[in-house]
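For reference, structure34.cif (mmCIF, C-alpha atoms and all ligand atoms):
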```cif
data_input
#
loop_
_atom_site.group_PDB
_atom_site.id
_atom_site.type_symbol
_atom_site.label_atom_id
_atom_site.label_comp_id
_atom_site.auth_asym_id
_atom_site.auth_seq_id
_atom_site.Cartn_x
_atom_site.Cartn_y
_atom_site.Cartn_z
ATOM 1 C CA MET A 1 -8.114 -30.786 -9.085
ATOM 2 C CA HIS A 2 -11.411 -28.939 -8.650
ATOM 3 C CA ASN A 3 -14.417 -29.899 -10.758
ATOM 4 C CA PHE A 4 -15.020 -28.019 -14.003
ATOM 5 C CA ASN A 5 -17.267 -28.225 -17.055
ATOM 6 C CA TYR A 6 -15.560 -29.354 -20.252
ATOM 7 C CA HIS A 7 -16.512 -27.923 -23.675
ATOM 8 C CA ARG A 8 -15.105 -28.766 -27.088
ATOM 9 C CA ALA A 9 -15.342 -25.704 -29.344
ATOM 10 C CA ALA A 10 -16.268 -26.311 -32.984
ATOM 11 C CA ASP A 11 -14.666 -23.117 -34.280
ATOM 12 C CA VAL A 12 -13.274 -19.811 -33.016
ATOM 13 C CA ALA A 13 -16.704 -18.126 -32.930
ATOM 14 C CA ASP A 14 -18.057 -21.026 -30.877
ATOM 15 C CA ALA A 15 -15.088 -20.777 -28.474
ATOM 16 C CA ALA A 16 -15.687 -17.019 -28.117
ATOM 17 C CA ALA A 17 -19.395 -17.584 -27.468
ATOM 18 C CA LYS A 18 -18.614 -20.190 -24.823
ATOM 19 C CA LEU A 19 -16.070 -17.852 -23.198
ATOM 20 C CA ALA A 20 -18.735 -15.162 -23.002
ATOM 21 C CA ALA A 21 -21.412 -17.509 -21.664
ATOM 22 C CA THR A 22 -19.509 -18.975 -18.713
ATOM 23 C CA ASP A 23 -18.526 -17.526 -15.329
ATOM 24 C CA ASP A 24 -14.824 -18.182 -14.998
ATOM 25 C CA PRO A 25 -13.655 -19.996 -18.136
ATOM 26 C CA LYS A 26 -10.192 -20.937 -19.391
ATOM 27 C CA LEU A 27 -9.129 -21.924 -22.885
ATOM 28 C CA LEU A 28 -7.406 -25.304 -23.130
ATOM 29 C CA ALA A 29 -4.711 -25.760 -25.790
ATOM 30 C CA GLY A 30 -2.003 -28.416 -25.255
ATOM 31 C CA GLY A 31 -2.624 -28.442 -21.500
ATOM 32 C CA MET A 32 1.097 -28.597 -20.758
ATOM 33 C CA THR A 33 0.915 -25.656 -18.381
ATOM 34 C CA LEU A 34 -2.785 -25.460 -17.623
ATOM 35 C CA LEU A 35 -3.310 -29.067 -16.487
ATOM 36 C CA PRO A 36 -0.455 -29.084 -13.919
ATOM 37 C CA THR A 37 -1.780 -25.722 -12.681
ATOM 38 C CA LEU A 38 -5.232 -27.271 -12.166
ATOM 39 C CA LYS A 39 -3.806 -30.430 -10.588
ATOM 40 C CA ASN A 40 -1.869 -28.301 -8.106
ATOM 41 C CA ARG A 41 -5.061 -26.332 -7.395
ATOM 42 C CA LEU A 42 -3.401 -23.078 -8.402
ATOM 43 C CA ALA A 43 -6.397 -22.299 -10.612
ATOM 44 C CA ALA A 44 -10.030 -23.358 -10.373
ATOM 45 C CA PRO A 45 -11.840 -22.318 -13.577
ATOM 46 C CA SER A 46 -15.546 -23.107 -13.806
ATOM 47 C CA ASP A 47 -15.236 -24.209 -17.457
ATOM 48 C CA LEU A 48 -12.515 -25.416 -19.810
ATOM 49 C CA ILE A 49 -13.011 -24.639 -23.494
ATOM 50 C CA ASP A 50 -10.899 -26.985 -25.571
ATOM 51 C CA LEU A 51 -9.544 -25.597 -28.863
ATOM 52 C CA ALA A 52 -8.208 -28.978 -30.051
ATOM 53 C CA ALA A 53 -10.993 -29.720 -32.549
ATOM 54 C CA ILE A 54 -10.689 -26.413 -34.426
ATOM 55 C CA ALA A 55 -8.970 -27.373 -37.680
ATOM 56 C CA GLY A 56 -8.569 -23.737 -38.745
ATOM 57 C CA LEU A 57 -6.270 -23.106 -35.780
ATOM 58 C CA LYS A 58 -3.674 -25.620 -36.968
ATOM 59 C CA GLY A 59 -0.959 -25.323 -39.595
ATOM 60 C CA ILE A 60 1.764 -23.154 -41.038
ATOM 61 C CA SER A 61 2.041 -21.067 -44.181
ATOM 62 C CA VAL A 62 4.599 -18.753 -45.732
ATOM 63 C CA GLU A 63 2.856 -15.634 -47.036
ATOM 64 C CA GLY A 64 5.175 -13.159 -48.763
ATOM 65 C CA LYS A 65 7.684 -11.997 -46.142
ATOM 66 C CA GLU A 66 5.831 -13.663 -43.248
ATOM 67 C CA VAL A 67 5.809 -17.108 -41.669
ATOM 68 C CA VAL A 68 2.335 -17.664 -40.237
ATOM 69 C CA VAL A 69 1.922 -20.235 -37.469
ATOM 70 C CA ARG A 70 -1.648 -20.881 -36.373
ATOM 71 C CA ALA A 71 -2.279 -20.976 -32.632
ATOM 72 C CA MET A 72 -2.889 -24.714 -32.096
ATOM 73 C CA THR A 73 0.228 -25.785 -33.996
ATOM 74 C CA PRO A 74 2.445 -27.910 -31.726
ATOM 75 C CA HIS A 75 6.130 -27.068 -31.332
ATOM 76 C CA ALA A 76 7.158 -30.357 -33.021
ATOM 77 C CA VAL A 77 5.287 -29.371 -36.180
ATOM 78 C CA VAL A 78 7.055 -25.993 -36.311
ATOM 79 C CA ALA A 79 10.425 -27.681 -35.677
ATOM 80 C CA THR A 80 10.014 -30.204 -38.498
ATOM 81 C CA SER A 81 8.187 -28.005 -41.037
ATOM 82 C CA ALA A 82 10.147 -27.861 -44.310
ATOM 83 C CA ASP A 83 8.633 -24.407 -44.941
ATOM 84 C CA VAL A 84 9.839 -23.025 -41.599
ATOM 85 C CA GLN A 85 13.239 -24.697 -41.938
ATOM 86 C CA LYS A 86 13.675 -23.000 -45.313
ATOM 87 C CA ALA A 87 12.165 -19.557 -44.640
ATOM 88 C CA LEU A 88 13.054 -19.076 -40.994
ATOM 89 C CA PRO A 89 15.479 -21.765 -39.742
ATOM 90 C CA ALA A 90 16.040 -19.964 -36.424
ATOM 91 C CA LEU A 91 12.348 -20.475 -35.580
ATOM 92 C CA ALA A 92 12.455 -24.187 -36.425
ATOM 93 C CA GLN A 93 15.566 -24.597 -34.329
ATOM 94 C CA LEU A 94 13.998 -22.712 -31.384
ATOM 95 C CA ALA A 95 10.851 -24.874 -31.491
ATOM 96 C CA GLY A 96 12.928 -28.056 -31.710
ATOM 97 C CA ASN A 97 14.723 -27.210 -28.471
ATOM 98 C CA ILE A 98 11.618 -26.604 -26.351
ATOM 99 C CA GLY A 99 11.231 -29.047 -23.462
ATOM 100 C CA ASP A 100 11.172 -32.723 -24.407
ATOM 101 C CA PRO A 101 9.386 -34.716 -27.148
ATOM 102 C CA ALA A 102 6.145 -35.036 -25.135
ATOM 103 C CA VAL A 103 6.021 -31.287 -24.497
ATOM 104 C CA ARG A 104 6.837 -30.532 -28.138
ATOM 105 C CA HIS A 105 4.022 -32.766 -29.396
ATOM 106 C CA ARG A 106 1.361 -31.389 -27.019
ATOM 107 C CA GLY A 107 2.421 -27.775 -26.358
ATOM 108 C CA THR A 108 1.218 -25.142 -28.817
ATOM 109 C CA ILE A 109 2.472 -21.755 -29.905
ATOM 110 C CA GLY A 110 -0.801 -20.098 -28.832
ATOM 111 C CA GLY A 111 -0.596 -21.586 -25.347
ATOM 112 C CA SER A 112 3.026 -20.617 -24.967
ATOM 113 C CA VAL A 113 2.514 -17.042 -26.123
ATOM 114 C CA ALA A 114 -0.671 -16.552 -24.057
ATOM 115 C CA ASN A 115 1.080 -17.881 -20.964
ATOM 116 C CA SER A 116 4.076 -15.495 -21.212
ATOM 117 C CA ASP A 117 6.222 -17.635 -18.947
ATOM 118 C CA PRO A 118 9.386 -15.622 -18.217
ATOM 119 C CA ALA A 119 11.556 -18.578 -19.308
ATOM 120 C CA ALA A 120 9.615 -19.584 -22.436
ATOM 121 C CA ASP A 121 11.349 -19.553 -25.821
ATOM 122 C CA TYR A 122 8.582 -18.353 -28.182
ATOM 123 C CA PRO A 123 8.354 -14.843 -26.658
ATOM 124 C CA ALA A 124 11.979 -14.275 -27.775
ATOM 125 C CA ALA A 125 11.001 -15.407 -31.284
ATOM 126 C CA CYS A 126 7.938 -13.149 -31.321
ATOM 127 C CA VAL A 127 9.791 -10.017 -30.241
ATOM 128 C CA GLY A 128 13.087 -10.807 -32.006
ATOM 129 C CA LEU A 129 11.317 -11.616 -35.270
ATOM 130 C CA ASP A 130 8.989 -8.594 -35.101
ATOM 131 C CA ALA A 131 5.884 -10.786 -34.962
ATOM 132 C CA THR A 132 2.248 -9.821 -34.874
ATOM 133 C CA ILE A 133 -0.043 -11.749 -32.537
ATOM 134 C CA VAL A 134 -3.434 -12.086 -34.194
ATOM 135 C CA THR A 135 -6.510 -12.680 -32.044
ATOM 136 C CA ASN A 136 -10.206 -13.081 -32.809
ATOM 137 C CA GLN A 137 -10.512 -9.343 -32.105
ATOM 138 C CA ARG A 138 -7.357 -7.528 -33.297
ATOM 139 C CA LYS A 139 -3.678 -7.611 -34.258
ATOM 140 C CA ILE A 140 -1.093 -6.884 -31.558
ATOM 141 C CA ALA A 141 2.597 -6.141 -32.215
ATOM 142 C CA ALA A 142 4.772 -8.498 -30.167
ATOM 143 C CA ASP A 143 6.565 -5.446 -28.749
ATOM 144 C CA ASP A 144 3.259 -4.471 -27.079
ATOM 145 C CA PHE A 145 1.979 -7.961 -26.297
ATOM 146 C CA PHE A 146 4.273 -9.185 -23.492
ATOM 147 C CA GLN A 147 3.663 -6.954 -20.488
ATOM 148 C CA GLY A 148 5.124 -8.669 -17.422
ATOM 149 C CA LEU A 149 5.384 -11.901 -15.463
ATOM 150 C CA PHE A 150 2.659 -14.135 -16.998
ATOM 151 C CA GLU A 151 1.000 -10.917 -18.208
ATOM 152 C CA THR A 152 0.017 -10.101 -21.778
ATOM 153 C CA ALA A 153 -2.120 -7.586 -23.630
ATOM 154 C CA LEU A 154 -4.860 -10.215 -24.097
ATOM 155 C CA GLY A 155 -8.234 -9.051 -22.882
ATOM 156 C CA HIS A 156 -11.125 -11.097 -21.545
ATOM 157 C CA GLY A 157 -12.601 -13.264 -24.275
ATOM 158 C CA GLU A 158 -9.642 -12.804 -26.597
ATOM 159 C CA ILE A 159 -8.352 -15.892 -28.412
ATOM 160 C CA ILE A 160 -4.997 -16.030 -30.207
ATOM 161 C CA THR A 161 -5.579 -17.367 -33.704
ATOM 162 C CA GLU A 162 -2.116 -17.060 -35.269
ATOM 163 C CA VAL A 163 1.347 -15.569 -34.940
ATOM 164 C CA ARG A 164 2.871 -13.841 -37.982
ATOM 165 C CA PHE A 165 6.685 -13.693 -37.975
ATOM 166 C CA GLN A 166 8.556 -11.272 -40.276
ATOM 167 C CA ILE A 167 11.191 -13.190 -42.217
ATOM 168 C CA PRO A 168 14.574 -11.563 -41.513
ATOM 169 C CA ASP A 169 17.687 -11.515 -43.709
ATOM 170 C CA ARG A 170 19.180 -13.778 -41.083
ATOM 171 C CA ALA A 171 18.539 -14.725 -37.450
ATOM 172 C CA GLN A 172 19.867 -16.966 -34.719
ATOM 173 C CA TYR A 173 18.514 -18.095 -31.339
ATOM 174 C CA MET A 174 20.889 -19.232 -28.610
ATOM 175 C CA LYS A 175 19.861 -20.407 -25.169
ATOM 176 C CA PHE A 176 21.386 -21.602 -21.939
ATOM 177 C CA ARG A 177 19.006 -24.488 -21.522
ATOM 178 C CA HIS A 178 17.834 -25.548 -18.090
ATOM 179 C CA PRO A 179 19.151 -29.128 -17.922
ATOM 180 C CA ALA A 180 15.934 -30.595 -16.472
ATOM 181 C CA SER A 181 13.038 -28.714 -18.123
ATOM 182 C CA GLY A 182 14.686 -27.254 -21.199
ATOM 183 C CA TYR A 183 13.307 -23.775 -20.372
ATOM 184 C CA ALA A 184 15.635 -20.859 -21.095
ATOM 185 C CA VAL A 185 17.783 -19.830 -18.141
ATOM 186 C CA VAL A 186 18.669 -17.164 -20.689
ATOM 187 C CA GLY A 187 17.752 -17.195 -24.388
ATOM 188 C CA VAL A 188 18.692 -14.551 -26.968
ATOM 189 C CA MET A 189 17.188 -14.098 -30.433
ATOM 190 C CA VAL A 190 19.209 -11.867 -32.759
ATOM 191 C CA ALA A 191 17.757 -10.910 -36.140
ATOM 192 C CA GLN A 192 18.882 -8.662 -38.983
ATOM 193 C CA TYR A 193 16.423 -6.792 -41.236
ATOM 194 C CA GLY A 194 18.402 -4.735 -43.749
ATOM 195 C CA SER A 195 20.162 -2.053 -41.732
ATOM 196 C CA LYS A 196 18.052 -2.825 -38.633
ATOM 197 C CA ALA A 197 18.818 -5.327 -35.874
ATOM 198 C CA ARG A 198 16.633 -6.809 -33.149
ATOM 199 C CA VAL A 199 17.911 -8.459 -29.963
ATOM 200 C CA ALA A 200 15.267 -10.102 -27.740
ATOM 201 C CA VAL A 201 16.042 -11.768 -24.420
ATOM 202 C CA THR A 202 13.957 -14.341 -22.567
ATOM 203 C CA GLY A 203 14.588 -16.161 -19.287
ATOM 204 C CA ALA A 204 16.262 -13.206 -17.622
ATOM 205 C CA GLY A 205 13.534 -10.715 -16.713
ATOM 206 C CA PRO A 206 9.848 -10.888 -15.753
ATOM 207 C CA CYS A 207 9.101 -11.169 -19.470
ATOM 208 C CA VAL A 208 10.911 -10.920 -22.800
ATOM 209 C CA PHE A 209 12.696 -7.615 -23.492
ATOM 210 C CA ARG A 210 14.842 -5.987 -26.183
ATOM 211 C CA VAL A 211 18.400 -4.725 -25.668
ATOM 212 C CA ALA A 212 18.494 -1.362 -27.447
ATOM 213 C CA GLU A 213 22.220 -0.835 -26.888
ATOM 214 C CA MET A 214 23.067 -4.119 -28.615
ATOM 215 C CA GLU A 215 20.690 -3.361 -31.473
ATOM 216 C CA ALA A 216 22.323 0.050 -32.038
ATOM 217 C CA ALA A 217 25.807 -1.475 -31.940
ATOM 218 C CA LEU A 218 24.847 -4.170 -34.473
ATOM 219 C CA GLU A 219 23.271 -1.565 -36.744
ATOM 220 C CA LYS A 220 26.671 0.199 -36.857
ATOM 221 C CA SER A 221 28.677 -2.998 -37.319
ATOM 222 C CA PHE A 222 27.139 -6.458 -37.463
ATOM 223 C CA THR A 223 30.003 -8.323 -35.782
ATOM 224 C CA PRO A 224 30.359 -10.365 -32.572
ATOM 225 C CA ALA A 225 32.784 -7.753 -31.232
ATOM 226 C CA SER A 226 30.021 -5.123 -31.336
ATOM 227 C CA VAL A 227 28.041 -6.851 -28.569
ATOM 228 C CA ALA A 228 30.878 -8.641 -26.754
ATOM 229 C CA ASN A 229 31.393 -5.867 -24.221
ATOM 230 C CA ILE A 230 27.842 -4.625 -23.772
ATOM 231 C CA LYS A 231 26.617 -5.404 -20.273
ATOM 232 C CA VAL A 232 22.938 -5.461 -19.322
ATOM 233 C CA SER A 233 22.240 -4.188 -15.805
ATOM 234 C CA ALA A 234 21.324 -6.994 -13.390
ATOM 235 C CA GLU A 235 19.025 -4.666 -11.447
ATOM 236 C CA GLN A 236 15.774 -5.650 -13.197
ATOM 237 C CA LEU A 237 16.746 -9.301 -13.822
ATOM 238 C CA MET A 238 15.637 -12.432 -11.956
ATOM 239 C CA GLY A 239 17.776 -14.240 -9.411
ATOM 240 C CA ASP A 240 16.548 -17.649 -8.258
ATOM 241 C CA ILE A 241 17.725 -21.130 -7.270
ATOM 242 C CA HIS A 242 19.133 -21.646 -10.766
ATOM 243 C CA CYS A 243 21.431 -18.628 -10.843
ATOM 244 C CA SER A 244 21.824 -15.023 -9.750
ATOM 245 C CA ALA A 245 20.645 -11.938 -11.640
ATOM 246 C CA GLU A 246 24.319 -11.034 -12.183
ATOM 247 C CA TYR A 247 25.001 -14.393 -13.835
ATOM 248 C CA ARG A 248 21.964 -13.960 -16.077
ATOM 249 C CA ALA A 249 23.264 -10.520 -17.091
ATOM 250 C CA HIS A 250 26.588 -12.150 -17.980
ATOM 251 C CA LEU A 251 24.830 -14.869 -20.004
ATOM 252 C CA ILE A 252 22.938 -12.292 -22.084
ATOM 253 C CA THR A 253 26.226 -10.861 -23.381
ATOM 254 C CA VAL A 254 27.722 -14.307 -23.982
ATOM 255 C CA TYR A 255 24.680 -15.667 -25.833
ATOM 256 C CA ALA A 256 24.167 -12.508 -27.889
ATOM 257 C CA ARG A 257 27.801 -12.690 -29.008
ATOM 258 C CA ARG A 258 27.474 -16.401 -29.828
ATOM 259 C CA ALA A 259 24.300 -15.776 -31.825
ATOM 260 C CA VAL A 260 26.026 -13.101 -33.923
ATOM 261 C CA GLU A 261 29.070 -15.360 -34.345
ATOM 262 C CA ALA A 262 26.827 -18.109 -35.702
ATOM 263 C CA MET A 263 25.143 -15.637 -38.076
ATOM 264 C CA VAL A 264 28.299 -14.183 -39.573
ATOM 265 C CA GLY A 265 30.050 -17.556 -39.687
HETATM 266 C C1 LIG A 301 8.115 -30.315 -18.557
HETATM 267 C C2 LIG A 301 7.897 -29.069 -19.389
HETATM 268 C C3 LIG A 301 8.981 -28.506 -20.030
HETATM 269 C C4 LIG A 301 8.803 -27.348 -20.802
HETATM 270 N N1 LIG A 301 9.889 -26.793 -21.404
HETATM 271 C C5 LIG A 301 9.732 -25.660 -22.130
HETATM 272 C C6 LIG A 301 10.840 -25.051 -22.774
HETATM 273 O O1 LIG A 301 11.972 -25.539 -22.772
HETATM 274 N N2 LIG A 301 10.622 -23.888 -23.461
HETATM 275 C C7 LIG A 301 9.359 -23.328 -23.569
HETATM 276 O O2 LIG A 301 9.213 -22.282 -24.199
HETATM 277 N N3 LIG A 301 8.292 -23.896 -22.987
HETATM 278 C C8 LIG A 301 8.449 -25.049 -22.276
HETATM 279 N N4 LIG A 301 7.341 -25.626 -21.712
HETATM 280 C C9 LIG A 301 6.005 -25.005 -21.944
HETATM 281 C C10 LIG A 301 5.289 -25.683 -23.152
HETATM 282 O O3 LIG A 301 6.128 -25.612 -24.246
HETATM 283 C C11 LIG A 301 3.929 -25.063 -23.591
HETATM 284 O O4 LIG A 301 4.131 -24.093 -24.590
HETATM 285 C C12 LIG A 301 3.203 -24.383 -22.537
HETATM 286 O O5 LIG A 301 3.072 -25.332 -21.516
HETATM 287 C C13 LIG A 301 1.805 -23.864 -22.933
HETATM 288 O O6 LIG A 301 1.288 -24.401 -24.128
HETATM 289 P P1 LIG A 301 -0.017 -25.315 -24.162
HETATM 290 O O7 LIG A 301 -0.393 -25.421 -25.587
HETATM 291 O O8 LIG A 301 0.230 -26.577 -23.438
HETATM 292 O O9 LIG A 301 -1.087 -24.393 -23.419
HETATM 293 P P2 LIG A 301 -2.093 -24.685 -22.210
HETATM 294 O O10 LIG A 301 -1.344 -25.252 -21.048
HETATM 295 O O11 LIG A 301 -3.267 -25.446 -22.683
HETATM 296 O O12 LIG A 301 -2.551 -23.188 -21.912
HETATM 297 C C14 LIG A 301 -1.664 -22.254 -21.311
HETATM 298 C C15 LIG A 301 -2.423 -20.927 -21.100
HETATM 299 O O13 LIG A 301 -2.652 -20.295 -22.348
HETATM 300 C C16 LIG A 301 -4.065 -20.067 -22.552
HETATM 301 N N5 LIG A 301 -4.304 -20.290 -23.975
HETATM 302 C C17 LIG A 301 -4.020 -21.425 -24.664
HETATM 303 N N6 LIG A 301 -4.279 -21.264 -25.974
HETATM 304 C C18 LIG A 301 -4.742 -19.988 -26.122
HETATM 305 C C19 LIG A 301 -5.157 -19.216 -27.244
HETATM 306 N N7 LIG A 301 -5.150 -19.714 -28.493
HETATM 307 N N8 LIG A 301 -5.564 -17.944 -27.026
HETATM 308 C C20 LIG A 301 -5.557 -17.416 -25.788
HETATM 309 N N9 LIG A 301 -5.169 -18.095 -24.677
HETATM 310 C C21 LIG A 301 -4.767 -19.370 -24.851
HETATM 311 C C22 LIG A 301 -4.754 -21.059 -21.627
HETATM 312 O O14 LIG A 301 -6.049 -20.633 -21.258
HETATM 313 C C23 LIG A 301 -3.794 -21.096 -20.448
HETATM 314 O O15 LIG A 301 -4.018 -19.988 -19.618
HETATM 315 C C24 LIG A 301 7.503 -26.776 -20.936
HETATM 316 C C25 LIG A 301 6.405 -27.372 -20.296
HETATM 317 C C26 LIG A 301 6.593 -28.509 -19.536
HETATM 318 C C27 LIG A 301 5.393 -29.133 -18.867
#
```
Starting from the file, lay out its structure as structure tokens.
Ligand SMILES: Cc1cc2nc3c(=O)[nH]c(=O)nc-3n(C[C@H](O)[C@H](O)[C@H](O)COP(=O)(O)OP(=O)(O)OC[C@H]3O[C@@H](n4cnc5c(N)ncnc54)[C@H](O)[C@@H]3O)c2cc1C
Amino acid sequence: MHNFNYHRAADVADAAAKLAATDDPKLLAGGMTLLPTLKNRLAAPSDLIDLAAIAGLKGISVEGKEVVVRAMTPHAVVATSADVQKALPALAQLAGNIGDPAVRHRGTIGGSVANSDPAADYPAACVGLDATIVTNQRKIAADDFFQGLFETALGHGEIITEVRFQIPDRAQYMKFRHPASGYAVVGVMVAQYGSKARVAVTGAGPCVFRVAEMEAALEKSFTPASVANIKVSAEQLMGDIHCSAEYRAHLITVYARRAVEAMVG
């Protein structure tokens, strides 16, 4: 690990000021991704700005038709929140299946979303549940936020403060869990909003994406059979040591069908 200066921000304005005042800073949330990256010398920021002491960045609320999760809320808190379990059980279930207990108690929604790991679960929740990512500067629709492999719409000096999920009529997340890490080999979030459907896939491409053909089919008939024969092209998908792009394409259909099955009972 290279040397760095450590700062503990008192509030979001203080964190923003420290970001602006240092050469090559990085925000520190749960450290679950950032610290291994530093230890492996894959990044060498001049300064780490820790968000852990900012009370206003922690907690969950249900506001009208939205579940609001503040950026420094750990996955375990989302998973066990009675409010989330009641208003948006698919989100609680998704958070409860991230990694292992240590990761769930340290890792935060803000860190996960900012990182945009191609195999992370929260991006599927953000896009599938029509979320808005709120930063200290603006509001960004999840559809516009995730832009590629570890790439987001976040600009320099931008800090995620909360994620606002639209509560659907019903939703279900299904993933083929990597047996060691828990990351999604493929994960599919299906949600129904009145006559509209959203299908968001993580784990398969460079970043989360929607499957328009499945959404259109579900909007005509919300049944497992509607998606059971829709194939996603393997051309843009990832193939790696875990499985081929073709197998991932197959899993998308299987997990979308299973999600709809679970929703319609
Ligand atoms: C062994 C292991 C297993 C895992 N399994 C899974 C899994 O099954 N599913 C899954 O989805 N994830 C998994 N993760 C990832 C984990 O859940 C964390 O979400 C992820 O590591 C990042 O969250 P963090 O809070 O630790 O962020 P950090 O590591 O502290 O930060 C990550 C990045 O986000 C930036 N950042 C942090 N907070 C903000 C903010 N508020 N605004 C702007 N930028 C910010 C940081 O500067 C850094 O670049 C796993 C991680 C490990 C180590």
Using only C-alpha atoms and all ligand atoms, find each residue with an atom at most 6 Å away from ligand LIG 301 (chain A) and format the answer as a VMD selection string. chain A and resid 26 to 34 71 98 to 99 103 107 to 108 110 to 112 114 to 115 120 to 122 159 to 161 181 to 183
Return as number ranges by chain the set of residues that the PyMOL selection byres (((chain A and resi 19) around 12) and not hetatm) yields on the displayed structure. A: 6-9, 12-18, 20-28, 45-51, 155-159
Between atom CA of A:His250 and atom CA of A:Gly203, measure the distance and give it in Å to one decimal.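 Going from atom CA of A:His250 over to atom CA of A:Gly203 covers 12.7 Å.
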Quote the spacing between atom CA of A:Asn5 and atom CA of A:Ala53 in Å to one decimal place.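 Distance between the two atoms: 16.8 Å.
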Proximity check stretch 89-200 of chain A to stretch 211-219 of chain A, 8 Å, nearest pairs one decimal Å, only C-alpha atoms, as a tab-separated table:
```
residue	atom	partner	partner_atom	distance
A:Ser195	CA	A:Glu219	CA	5.9
A:Lys196	CA	A:Glu219	CA	5.7
A:Ala197	CA	A:Glu215	CA	5.2
A:Arg198	CA	A:Glu215	CA	5.6
A:Val199	CA	A:Val211	CA	5.7
A:Ala200	CA	A:Val211	CA	6.6
```
Name the closest residue to A:Gln172 among the candidates A:Gly205, A:Gly239, A:Pro89, A:Pro101; distances are taken between atoms, counting only C-alpha atoms. A:Pro89
For stretch 255-258 of chain A, find every residue with an atom within 8 Å (counting all atoms listed in the file), except residues of its own chain fewer than 5 positions away, and show them as JSON, numbers by chain. {"A": [174, 175, 176, 187, 188, 189, 190, 199, 224, 225, 227, 228]}
Pick from A:Tyr193, A:Ala92, A:Ala249, A:Ala171, whichever lies nearest to A:Glu261 using only C-alpha atoms: A:Ala171
What does the distance between atom CA of A:Tyr173 and atom CA of A:Val260 come to in Å, to one decimal place?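 Between atom CA of A:Tyr173 and atom CA of A:Val260 the gap is 9.4 Å.
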Of the candidates A:Val163, A:Ile109, A:Ile60, A:Ala119, which shows the shortest atom-to-atom distance to A:Ile140, using only C-alpha atoms?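 Checking each candidate against A:Ile140, we get A:Val163 as the closest.
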Tell me which of A:Ala180, A:Ile167, A:Val78, A:Leu149 sits closest to A:Phe209, counting only C-alpha atoms.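 Smallest separation from A:Phe209 among the options: A:Leu149.
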Can you list, as a short mmCIF file (atom, residue, chain, number, x, y, z; two decimals) with C-alpha atoms, keeping the file's coordinate frame, the residues that the PyMOL selection byres (((chain A and resi 88) around 10) and not hetatm) selects here?
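File produced: part_4.cif:
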```cif
data_model
loop_
_atom_site.label_atom_id
_atom_site.label_comp_id
_atom_site.auth_asym_id
_atom_site.auth_seq_id
_atom_site.Cartn_x
_atom_site.Cartn_y
_atom_site.Cartn_z
CA VAL A 62 4.60 -18.75 -45.73
CA GLU A 66 5.83 -13.66 -43.25
CA VAL A 67 5.81 -17.11 -41.67
CA ALA A 82 10.15 -27.86 -44.31
CA ASP A 83 8.63 -24.41 -44.94
CA VAL A 84 9.84 -23.02 -41.60
CA GLN A 85 13.24 -24.70 -41.94
CA LYS A 86 13.68 -23.00 -45.31
CA ALA A 87 12.16 -19.56 -44.64
CA PRO A 89 15.48 -21.76 -39.74
CA ALA A 90 16.04 -19.96 -36.42
CA LEU A 91 12.35 -20.48 -35.58
CA ALA A 92 12.46 -24.19 -36.42
CA GLN A 93 15.57 -24.60 -34.33
CA LEU A 129 11.32 -11.62 -35.27
CA PHE A 165 6.68 -13.69 -37.98
CA GLN A 166 8.56 -11.27 -40.28
CA ILE A 167 11.19 -13.19 -42.22
CA PRO A 168 14.57 -11.56 -41.51
CA ASP A 169 17.69 -11.52 -43.71
CA ARG A 170 19.18 -13.78 -41.08
CA ALA A 171 18.54 -14.72 -37.45
CA GLN A 172 19.87 -16.97 -34.72
#
```
Go through A:Ala10, A:Ala245, A:Val264, A:Ala124 and flag the residue nearest A:Gln192, using all atoms listed in the file for the distances. A:Val264
When the PyMOL selection byres (((chain A and resi 74) around 6) and not hetatm) is applied to the file above, which residues end up in the set, as an NGL selection string? :A and (73 or 75-77 or 105-108)
Quick one: of A:Ser244, A:Ser221, A:Ser81, A:Thr152, who's nearest to A:Asp117, counting all atoms listed in the file? A:Thr152
Within 12 Å of A:Glu246, counting only C-alpha atoms, which residues qualify if same-chain residues fewer than 5 places away don't, as a ChimeraX atom specification? /A:186,204-205,231-240,251-253
